[in-house]
Structures are given as structure tokens and as C-alpha cells.
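Peer 1: Following this line is upload-v7.txt, made up of compact mmCIF, N, CA and C atoms:
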# COMPACT_ATOMS: atom_id res chain seq x y z
N MET A 14 0.85 -1.17 0.00
CA MET A 14 0.00 0.00 0.00
C MET A 14 0.90 1.24 0.00
N ASN A 15 0.60 2.17 -0.85
CA ASN A 15 1.38 3.40 -0.92
C ASN A 15 0.64 4.49 -0.17
N ASP A 16 1.21 4.95 0.94
CA ASP A 16 0.54 5.92 1.79
C ASP A 16 0.85 7.37 1.45
N MET A 17 1.78 7.60 0.57
CA MET A 17 2.10 8.98 0.23
C MET A 17 2.60 9.03 -1.19
N THR A 18 2.48 10.20 -1.80
CA THR A 18 2.97 10.37 -3.15
C THR A 18 3.92 11.54 -3.18
N ALA A 19 4.94 11.42 -4.01
CA ALA A 19 5.93 12.49 -4.12
C ALA A 19 5.48 13.50 -5.16
N SER A 20 5.76 14.72 -4.88
CA SER A 20 5.48 15.79 -5.82
C SER A 20 6.82 16.30 -6.33
N THR A 21 6.93 16.50 -7.61
CA THR A 21 8.19 16.97 -8.16
C THR A 21 8.15 18.48 -8.33
N GLN A 22 7.78 19.13 -7.30
CA GLN A 22 7.62 20.59 -7.28
C GLN A 22 8.99 21.25 -7.41
N THR A 23 9.13 22.17 -8.37
CA THR A 23 10.40 22.85 -8.54
C THR A 23 10.28 24.37 -8.41
N THR A 24 9.09 24.86 -8.16
CA THR A 24 8.95 26.30 -7.96
C THR A 24 8.40 26.55 -6.57
N ALA A 25 8.82 27.63 -5.99
CA ALA A 25 8.37 27.98 -4.64
C ALA A 25 7.15 28.87 -4.72
N ALA A 26 6.25 28.68 -3.79
CA ALA A 26 5.10 29.57 -3.69
C ALA A 26 5.57 30.89 -3.08
N PRO A 27 4.81 31.95 -3.26
CA PRO A 27 5.20 33.22 -2.64
C PRO A 27 5.37 33.05 -1.14
N ARG A 28 6.38 33.68 -0.58
CA ARG A 28 6.72 33.56 0.83
C ARG A 28 5.66 34.21 1.73
N GLU A 29 5.09 35.30 1.29
CA GLU A 29 4.06 35.97 2.07
C GLU A 29 3.02 36.51 1.12
N GLU A 30 1.84 36.76 1.64
CA GLU A 30 0.76 37.22 0.79
C GLU A 30 1.12 38.55 0.14
N GLY A 31 0.86 38.62 -1.15
CA GLY A 31 1.16 39.86 -1.87
C GLY A 31 2.57 39.90 -2.42
N ALA A 32 3.42 38.93 -2.06
CA ALA A 32 4.79 38.92 -2.57
C ALA A 32 4.79 38.41 -4.01
N ALA A 33 5.75 38.84 -4.78
CA ALA A 33 5.86 38.41 -6.16
C ALA A 33 6.28 36.94 -6.21
N THR A 34 5.77 36.21 -7.20
CA THR A 34 6.15 34.81 -7.35
C THR A 34 7.59 34.74 -7.83
N ARG A 35 8.38 33.88 -7.19
CA ARG A 35 9.79 33.75 -7.52
C ARG A 35 10.04 32.33 -8.02
N GLN A 36 10.71 32.19 -9.14
CA GLN A 36 11.03 30.89 -9.67
C GLN A 36 12.34 30.43 -9.04
N ASP A 37 12.26 29.46 -8.12
CA ASP A 37 13.44 28.89 -7.50
C ASP A 37 13.60 27.46 -7.97
N VAL A 38 14.64 27.20 -8.70
CA VAL A 38 14.91 25.83 -9.11
C VAL A 38 15.72 25.20 -8.00
N ALA A 39 15.32 24.00 -7.59
CA ALA A 39 15.98 23.32 -6.48
C ALA A 39 16.27 21.88 -6.86
N LEU A 40 17.23 21.30 -6.17
CA LEU A 40 17.52 19.88 -6.34
C LEU A 40 16.41 19.05 -5.73
N LEU A 41 16.10 17.94 -6.33
CA LEU A 41 15.10 17.01 -5.83
C LEU A 41 15.88 15.90 -5.11
N PRO A 42 15.92 15.93 -3.77
CA PRO A 42 16.75 14.94 -3.08
C PRO A 42 16.18 13.53 -3.22
N PRO A 43 17.05 12.54 -3.36
CA PRO A 43 16.56 11.17 -3.39
C PRO A 43 15.98 10.79 -2.03
N VAL A 44 14.85 10.08 -2.04
CA VAL A 44 14.16 9.71 -0.80
C VAL A 44 13.77 8.24 -0.88
N ASP A 45 14.05 7.51 0.20
CA ASP A 45 13.56 6.14 0.35
C ASP A 45 12.41 6.19 1.33
N VAL A 46 11.32 5.48 1.02
CA VAL A 46 10.15 5.41 1.89
C VAL A 46 9.98 3.95 2.31
N VAL A 47 9.98 3.74 3.63
CA VAL A 47 9.83 2.39 4.17
C VAL A 47 8.58 2.36 5.03
N GLU A 48 7.70 1.40 4.73
CA GLU A 48 6.46 1.28 5.50
C GLU A 48 6.51 0.03 6.36
N ASP A 49 6.03 0.15 7.58
CA ASP A 49 5.83 -1.01 8.44
C ASP A 49 4.41 -0.95 9.00
N SER A 50 4.08 -1.85 9.90
CA SER A 50 2.70 -1.91 10.38
C SER A 50 2.28 -0.70 11.20
N THR A 51 3.23 0.08 11.70
CA THR A 51 2.88 1.21 12.56
C THR A 51 3.07 2.58 11.90
N GLY A 52 3.62 2.62 10.69
CA GLY A 52 3.80 3.91 10.04
C GLY A 52 4.79 3.87 8.89
N ILE A 53 5.29 5.04 8.54
CA ILE A 53 6.20 5.22 7.42
C ILE A 53 7.44 5.96 7.91
N THR A 54 8.59 5.55 7.37
CA THR A 54 9.83 6.26 7.62
C THR A 54 10.41 6.70 6.28
N LEU A 55 10.73 7.99 6.19
CA LEU A 55 11.36 8.56 5.00
C LEU A 55 12.83 8.77 5.29
N TYR A 56 13.68 8.45 4.34
CA TYR A 56 15.11 8.74 4.44
C TYR A 56 15.46 9.62 3.24
N ALA A 57 15.78 10.88 3.50
CA ALA A 57 16.11 11.83 2.43
C ALA A 57 17.59 12.17 2.49
N ASP A 58 18.27 12.04 1.36
CA ASP A 58 19.69 12.39 1.28
C ASP A 58 19.83 13.89 1.09
N LEU A 59 20.40 14.56 2.09
CA LEU A 59 20.59 16.01 2.05
C LEU A 59 22.04 16.36 2.41
N PRO A 60 23.01 15.92 1.61
CA PRO A 60 24.41 16.22 1.95
C PRO A 60 24.69 17.71 1.90
N GLY A 61 25.47 18.18 2.85
CA GLY A 61 25.85 19.59 2.88
C GLY A 61 24.83 20.50 3.53
N VAL A 62 23.79 19.93 4.17
CA VAL A 62 22.75 20.75 4.79
C VAL A 62 22.94 20.73 6.31
N PRO A 63 23.20 21.89 6.92
CA PRO A 63 23.24 21.94 8.39
C PRO A 63 21.81 22.04 8.95
N ARG A 64 21.65 21.71 10.20
CA ARG A 64 20.33 21.71 10.86
C ARG A 64 19.62 23.07 10.74
N ASP A 65 20.36 24.15 10.88
CA ASP A 65 19.73 25.48 10.86
C ASP A 65 19.28 25.91 9.46
N LYS A 66 19.65 25.16 8.42
CA LYS A 66 19.22 25.48 7.06
C LYS A 66 18.16 24.50 6.54
N LEU A 67 17.59 23.70 7.46
CA LEU A 67 16.59 22.71 7.11
C LEU A 67 15.22 23.16 7.58
N ASP A 68 14.23 23.12 6.70
CA ASP A 68 12.85 23.48 7.03
C ASP A 68 11.96 22.29 6.68
N LEU A 69 11.44 21.65 7.71
CA LEU A 69 10.54 20.50 7.55
C LEU A 69 9.22 20.89 8.17
N ARG A 70 8.12 20.81 7.39
CA ARG A 70 6.83 21.21 7.93
C ARG A 70 5.69 20.43 7.29
N VAL A 71 4.60 20.34 8.03
CA VAL A 71 3.37 19.72 7.54
C VAL A 71 2.34 20.83 7.43
N GLU A 72 1.76 20.95 6.25
CA GLU A 72 0.70 21.94 6.01
C GLU A 72 -0.47 21.18 5.41
N GLY A 73 -1.53 21.00 6.20
CA GLY A 73 -2.67 20.21 5.74
C GLY A 73 -2.24 18.77 5.55
N ASP A 74 -2.37 18.26 4.32
CA ASP A 74 -1.94 16.89 4.04
C ASP A 74 -0.61 16.86 3.29
N GLN A 75 0.14 17.97 3.33
CA GLN A 75 1.43 18.06 2.64
C GLN A 75 2.60 18.04 3.62
N LEU A 76 3.58 17.19 3.35
CA LEU A 76 4.85 17.21 4.07
C LEU A 76 5.85 17.88 3.14
N ASN A 77 6.44 18.99 3.59
CA ASN A 77 7.38 19.76 2.78
C ASN A 77 8.77 19.72 3.39
N ILE A 78 9.75 19.44 2.54
CA ILE A 78 11.16 19.47 2.93
C ILE A 78 11.82 20.54 2.09
N GLU A 79 12.42 21.53 2.74
CA GLU A 79 13.20 22.55 2.05
C GLU A 79 14.50 22.71 2.81
N ALA A 80 15.61 22.83 2.08
CA ALA A 80 16.91 22.93 2.73
C ALA A 80 17.87 23.69 1.84
N GLU A 81 18.83 24.35 2.49
CA GLU A 81 19.87 25.08 1.76
C GLU A 81 21.21 24.43 2.02
N LEU A 82 21.97 24.26 0.95
CA LEU A 82 23.32 23.71 1.07
C LEU A 82 24.24 24.73 1.71
N ALA A 83 25.17 24.25 2.49
CA ALA A 83 26.20 25.12 3.07
C ALA A 83 27.54 24.44 2.83
N LEU A 84 28.10 24.70 1.66
CA LEU A 84 29.39 24.10 1.30
C LEU A 84 30.43 25.20 1.16
N PRO A 85 31.01 25.60 2.28
CA PRO A 85 31.98 26.71 2.22
C PRO A 85 33.28 26.28 1.55
N LEU A 86 33.82 27.17 0.75
CA LEU A 86 35.12 26.94 0.14
C LEU A 86 36.18 27.66 0.95
N PRO A 87 37.38 27.11 1.00
CA PRO A 87 38.46 27.83 1.68
C PRO A 87 38.67 29.20 1.04
N GLN A 88 39.08 30.16 1.84
CA GLN A 88 39.25 31.54 1.36
C GLN A 88 40.24 31.57 0.19
N GLY A 89 39.85 32.29 -0.85
CA GLY A 89 40.71 32.46 -2.02
C GLY A 89 40.56 31.37 -3.06
N MET A 90 39.74 30.36 -2.80
CA MET A 90 39.56 29.28 -3.77
C MET A 90 38.25 29.45 -4.52
N THR A 91 38.28 29.14 -5.81
CA THR A 91 37.07 29.12 -6.61
C THR A 91 37.06 27.79 -7.36
N PRO A 92 35.90 27.17 -7.48
CA PRO A 92 35.85 25.88 -8.17
C PRO A 92 36.05 26.03 -9.68
N SER A 93 36.80 25.12 -10.27
CA SER A 93 36.95 25.13 -11.72
C SER A 93 35.85 24.28 -12.36
N HIS A 94 35.23 23.41 -11.56
CA HIS A 94 34.11 22.58 -12.01
C HIS A 94 33.24 22.27 -10.80
N ALA A 95 31.93 22.36 -10.96
CA ALA A 95 31.02 22.07 -9.85
C ALA A 95 29.95 21.10 -10.33
N GLU A 96 29.85 19.93 -9.70
CA GLU A 96 28.82 18.95 -10.02
C GLU A 96 27.45 19.44 -9.55
N VAL A 97 27.41 20.12 -8.41
CA VAL A 97 26.16 20.63 -7.85
C VAL A 97 26.16 22.14 -8.00
N SER A 98 25.21 22.64 -8.82
CA SER A 98 25.19 24.09 -9.04
C SER A 98 24.01 24.75 -8.35
N ARG A 99 23.06 23.97 -7.86
CA ARG A 99 21.91 24.52 -7.15
C ARG A 99 22.27 24.65 -5.67
N ALA A 100 21.69 25.62 -5.02
CA ALA A 100 22.02 25.86 -3.61
C ALA A 100 20.94 25.37 -2.66
N SER A 101 19.92 24.67 -3.17
CA SER A 101 18.86 24.24 -2.26
C SER A 101 18.23 22.92 -2.73
N TYR A 102 17.55 22.30 -1.76
CA TYR A 102 16.78 21.08 -2.00
C TYR A 102 15.32 21.40 -1.73
N ARG A 103 14.42 20.71 -2.44
CA ARG A 103 12.99 20.87 -2.17
C ARG A 103 12.28 19.59 -2.57
N ARG A 104 11.38 19.14 -1.70
CA ARG A 104 10.58 17.95 -1.99
C ARG A 104 9.28 18.05 -1.23
N ALA A 105 8.18 17.61 -1.83
CA ALA A 105 6.87 17.66 -1.18
C ALA A 105 6.19 16.30 -1.34
N PHE A 106 5.48 15.89 -0.30
CA PHE A 106 4.75 14.63 -0.29
C PHE A 106 3.33 14.88 0.18
N THR A 107 2.39 14.16 -0.42
CA THR A 107 1.00 14.20 0.02
C THR A 107 0.80 13.04 0.98
N LEU A 108 0.36 13.34 2.19
CA LEU A 108 0.17 12.31 3.21
C LEU A 108 -1.23 11.72 3.10
N SER A 109 -1.33 10.41 3.25
CA SER A 109 -2.65 9.77 3.20
C SER A 109 -3.37 10.01 4.52
N LYS A 110 -4.66 9.75 4.52
CA LYS A 110 -5.48 9.93 5.73
C LYS A 110 -5.14 8.89 6.80
N GLU A 111 -4.42 7.84 6.43
CA GLU A 111 -4.03 6.81 7.39
C GLU A 111 -2.87 7.25 8.29
N LEU A 112 -2.19 8.34 7.92
CA LEU A 112 -1.04 8.80 8.68
C LEU A 112 -1.44 9.92 9.63
N ASP A 113 -0.70 10.04 10.74
CA ASP A 113 -0.99 11.05 11.76
C ASP A 113 0.01 12.20 11.65
N PRO A 114 -0.35 13.31 11.01
CA PRO A 114 0.58 14.42 10.82
C PRO A 114 0.94 15.14 12.12
N GLU A 115 0.18 14.90 13.19
CA GLU A 115 0.47 15.53 14.48
C GLU A 115 1.64 14.88 15.21
N LYS A 116 2.04 13.70 14.80
CA LYS A 116 3.07 12.96 15.52
C LYS A 116 4.33 12.71 14.69
N VAL A 117 4.60 13.57 13.73
CA VAL A 117 5.80 13.44 12.90
C VAL A 117 7.03 13.74 13.73
N SER A 118 8.07 12.93 13.59
CA SER A 118 9.35 13.20 14.25
C SER A 118 10.45 13.11 13.20
N ALA A 119 11.56 13.80 13.45
CA ALA A 119 12.64 13.83 12.47
C ALA A 119 14.00 13.98 13.15
N GLU A 120 15.02 13.46 12.47
CA GLU A 120 16.40 13.66 12.92
C GLU A 120 17.30 13.75 11.70
N LEU A 121 18.35 14.55 11.81
CA LEU A 121 19.31 14.74 10.73
C LEU A 121 20.66 14.25 11.23
N SER A 122 21.25 13.32 10.49
CA SER A 122 22.54 12.77 10.89
C SER A 122 23.38 12.45 9.66
N GLN A 123 24.54 13.04 9.57
CA GLN A 123 25.50 12.80 8.49
C GLN A 123 24.88 12.94 7.10
N GLY A 124 24.09 13.99 6.91
CA GLY A 124 23.51 14.28 5.61
C GLY A 124 22.27 13.50 5.25
N VAL A 125 21.75 12.71 6.20
CA VAL A 125 20.53 11.94 5.94
C VAL A 125 19.45 12.39 6.91
N LEU A 126 18.31 12.83 6.36
CA LEU A 126 17.16 13.22 7.16
C LEU A 126 16.26 12.00 7.30
N ARG A 127 15.96 11.64 8.55
CA ARG A 127 15.05 10.52 8.83
C ARG A 127 13.76 11.12 9.40
N VAL A 128 12.64 10.88 8.71
CA VAL A 128 11.34 11.40 9.13
C VAL A 128 10.43 10.21 9.41
N ARG A 129 9.89 10.16 10.63
CA ARG A 129 8.99 9.08 11.03
C ARG A 129 7.57 9.64 11.11
N ILE A 130 6.63 8.99 10.40
CA ILE A 130 5.23 9.40 10.40
C ILE A 130 4.41 8.18 10.81
N PRO A 131 3.91 8.17 12.04
CA PRO A 131 3.14 7.01 12.48
C PRO A 131 1.75 6.99 11.84
N LYS A 132 1.18 5.80 11.79
CA LYS A 132 -0.19 5.67 11.30
C LYS A 132 -1.14 6.23 12.37
N ALA A 133 -2.25 6.75 11.93
CA ALA A 133 -3.28 7.25 12.83
C ALA A 133 -3.85 6.07 13.61
N GLU A 134 -4.43 6.36 14.75
CA GLU A 134 -4.98 5.31 15.62
C GLU A 134 -5.95 4.41 14.87
N HIS A 135 -6.83 5.00 14.05
CA HIS A 135 -7.82 4.19 13.33
C HIS A 135 -7.20 3.28 12.27
N ALA A 136 -5.96 3.56 11.85
CA ALA A 136 -5.31 2.76 10.82
C ALA A 136 -4.32 1.74 11.39
N GLN A 137 -4.12 1.77 12.71
CA GLN A 137 -3.18 0.84 13.34
C GLN A 137 -3.77 -0.57 13.31
N PRO A 138 -2.91 -1.57 13.09
CA PRO A 138 -3.42 -2.94 13.18
C PRO A 138 -3.82 -3.24 14.62
N ARG A 139 -4.86 -4.00 14.79
CA ARG A 139 -5.28 -4.34 16.14
C ARG A 139 -5.73 -5.79 16.17
N LYS A 140 -5.52 -6.39 17.30
CA LYS A 140 -5.90 -7.78 17.48
C LYS A 140 -7.35 -7.83 17.97
N ILE A 141 -8.11 -8.71 17.39
CA ILE A 141 -9.52 -8.86 17.76
C ILE A 141 -9.65 -10.15 18.55
N SER A 142 -10.18 -10.04 19.74
CA SER A 142 -10.37 -11.25 20.56
C SER A 142 -11.61 -12.00 20.10
N VAL A 143 -11.48 -13.28 20.09
CA VAL A 143 -12.58 -14.14 19.68
C VAL A 143 -13.10 -14.88 20.92
N GLN A 144 -14.38 -14.78 21.12
CA GLN A 144 -14.97 -15.46 22.29
C GLN A 144 -15.58 -16.77 21.86
N VAL A 145 -15.47 -17.75 22.76
CA VAL A 145 -16.04 -19.08 22.49
C VAL A 145 -17.31 -19.22 23.30
N ASN A 146 -18.38 -19.67 22.67
CA ASN A 146 -19.66 -19.88 23.37
C ASN A 146 -19.80 -21.30 23.82
So that I can check it, write out the structure of this file as C-alpha cells.
Peer 2:
Amino acid sequence: MNDMTASTQTTAAPREEGAATRQDVALLPPVDVVEDSTGITLYADLPGVPRDKLDLRVEGDQLNIEAELALPLPQGMTPSHAEVSRASYRRAFTLSKELDPEKVSAELSQGVLRVRIPKAEHAQPRKISVQVN
């Protein structure tokens, strides 16, 4: 069962009401989604992202990941070739009604963001007792 879908969103919505729309092209980080009986765990590769440059939020049924790379170069050095030319990551997921957006937890370790989204109480597996007459 697939509990969420990825959105390949590459443009940012206006930051505040009335602000001009800005076209921000961002990297789409690779994400692994693992489901078990109690929920879903996302593993997003975000190399070069410090904790203070990571924005993870749930808005309605959307899980949004936005992050900025922080790859400082030593003073006086300029790259002659750069494999990564974008300065940010962005990814959005639509959460199913079976997941509980109020209980999302996350941790960032060595460039990998781990996001745990438990299933809602009504979607949890439960054992049904059978009575004998």
C-alpha cells in the first residue's frame, strides 16, 4: 500500500501574501520510503545541509522538505568545475489519511534526514479477541 505520493515541485510559492512569485529551481533529493505496520519512515539524502538550514513542515496533508546547502570553500579558492550548481533542496509529499501528521518526528545525521510518520490510531493494526460460546 502506498501511503504517500511524491510531488516533483520545482517552484516555490510566494513567501508571504502579496509577494511576487519567484522561480526557485531546487535539487530534488533522493528519498527512500519504508512502510511497516505502525507507520512510514522517509530517508532523504541532504548532503551539505546543516540543521539550521533545514525546514521541515506539515501543512494540511502536505509534508514539505526545504533545505539550503552550506558548502563553504576555503578563502581564495574558486571551483573550476562544480557537479552541484543549485544551492537548495525541495521535496513535497502528500500524506494519506491513514497517517498522523500531528506525531511526525525527524532527525538529521551525516547528511541523511530521517522522518517518522506514524499511522493514525484508526489505521493501526489491532488484534480482535474471539470469544467461544
Peer 1: Please measure the separation of CA of Ser118 (chain A) and atom C of Pro43 (chain A), giving the value in Å to one decimal.
Peer 2: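 Atom-to-atom, CA of Ser118 (chain A) to atom C of Pro43 (chain A), that is 17.7 Å.
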Peer 1: Work out how far apart CA of Arg99 (chain A) and CA of Glu72 (chain A) are and give it in Å to one decimal.
Peer 2: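 These two atoms are separated by 25.1 Å.
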Peer 1: So the first atom is atom C of Tyr102 (chain A) and the second is atom C of Asp68 (chain A); what is the distance between them in Å, to one decimal place?
Peer 2: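 Value for the atom C of Tyr102 (chain A)-atom C of Asp68 (chain A) distance: 9.1 Å.
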Peer 1: Which residue is closest to Ala119 (chain A)? Choose from A:Ala105, A:Leu40, A:Ile78, A:Ala83 and count only C-alpha atoms.
Peer 2: A:Ile78
Peer 1: Could you give me, as a list in words, each residue of region 22-128 of chain A that DSSP assigns to helix (DSSP H, G or I) when run on this structure's backbone?
Peer 2: Arg64, Asp65, Lys66, Pro114, Glu115 and Lys116 of chain A
Peer 1: With N, CA and C atoms kept, could you save the residues just selected as an mmCIF file, in the frame of the given file?
Peer 2:
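Done, and the output landed in out27.cif:
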data_model
loop_
_atom_site.group_PDB
_atom_site.id
_atom_site.type_symbol
_atom_site.label_atom_id
_atom_site.label_comp_id
_atom_site.auth_asym_id
_atom_site.auth_seq_id
_atom_site.Cartn_x
_atom_site.Cartn_y
_atom_site.Cartn_z
ATOM 1 N N ARG A 64 21.650 21.710 10.200
ATOM 2 C CA ARG A 64 20.330 21.710 10.860
ATOM 3 C C ARG A 64 19.620 23.070 10.740
ATOM 4 N N ASP A 65 20.360 24.150 10.880
ATOM 5 C CA ASP A 65 19.730 25.480 10.860
ATOM 6 C C ASP A 65 19.280 25.910 9.460
ATOM 7 N N LYS A 66 19.650 25.160 8.420
ATOM 8 C CA LYS A 66 19.220 25.480 7.060
ATOM 9 C C LYS A 66 18.160 24.500 6.540
ATOM 10 N N PRO A 114 -0.350 13.310 11.010
ATOM 11 C CA PRO A 114 0.580 14.420 10.820
ATOM 12 C C PRO A 114 0.940 15.140 12.120
ATOM 13 N N GLU A 115 0.180 14.900 13.190
ATOM 14 C CA GLU A 115 0.470 15.530 14.480
ATOM 15 C C GLU A 115 1.640 14.880 15.210
ATOM 16 N N LYS A 116 2.040 13.700 14.800
ATOM 17 C CA LYS A 116 3.070 12.960 15.520
ATOM 18 C C LYS A 116 4.330 12.710 14.690
#
Peer 1: What's the 6.5 Å shell around Leu67 (chain A), counting all atoms listed in the file, without same-chain residues fewer than 4 positions away, as a PyMOL selection string?
Peer 2: chain A and resi 62-63+79-81
Peer 1: Kindly save the residues from that selection, with N, CA and C atoms included, as a tab-separated table (two decimals), in the coordinates of the input.
Peer 2:
chain	number	residue	atom	x	y	z
A	62	VAL	N	23.79	19.93	4.17
A	62	VAL	CA	22.75	20.75	4.79
A	62	VAL	C	22.94	20.73	6.31
A	63	PRO	N	23.20	21.89	6.92
A	63	PRO	CA	23.24	21.94	8.39
A	63	PRO	C	21.81	22.04	8.95
A	79	GLU	N	12.42	21.53	2.74
A	79	GLU	CA	13.20	22.55	2.05
A	79	GLU	C	14.50	22.71	2.81
A	80	ALA	N	15.61	22.83	2.08
A	80	ALA	CA	16.91	22.93	2.73
A	80	ALA	C	17.87	23.69	1.84
A	81	GLU	N	18.83	24.35	2.49
A	81	GLU	CA	19.87	25.08	1.76
A	81	GLU	C	21.21	24.43	2.02
Peer 1: Can you tell me which residues surround Val117 (chain A) at a distance of at most 6 Å, considering only N, CA and C atoms, apart from same-chain residues fewer than 5 positions away, and format the answer as a PyMOL selection string?
Peer 2: chain A and resi 129-131
Peer 1: If we draw a sphere of 6 Å around (8.9, 10.7, 0.7), which residues have at least one atom in it when counting all atoms listed in the file? Please report them as a PyMOL selection string.
Peer 2: chain A and resi 19+44-46+55+106
Peer 1: Select, from A:Arg103, A:Gly52, A:Ala57, A:Pro114, the residue with the minimum atom-to-atom distance to Lys132 (chain A), counting only C-alpha atoms.
Peer 2: A:Gly52
Peer 1: Adding 4 Å on each side of the box along x, y and z that holds all listed atoms of region 123-135 of chain A, could you give its centre and edge lengths in Å to one decimal, as AutoDock Vina command-line options?
Peer 2:
--center_x 8.8 --center_y 8.8 --center_z 10.4 --size_x 41.3 --size_y 19.0 --size_z 18.4
Peer 1: When you count all atoms listed in the file, which of these residues is closest to Leu76 (chain A): A:His135, A:Gln88, A:Arg104, A:Gly61?
Peer 2: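 Closest to Leu76 (chain A), using all atoms listed in the file: A:Arg104.
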Peer 1: Which is closer to Leu59 (chain A) than all the others in A:Ala95, A:Leu82, A:Leu108, A:Val143, using all atoms listed in the file?
Peer 2: A:Leu82
Peer 1: Please identify which residues in chain A DSSP calls strand (DSSP E) from the backbone, and express them as a PyMOL selection string.
Peer 2: chain A and resi 17-20+44-49+52-58+67-72+75-81+101-108+118-122+125-131
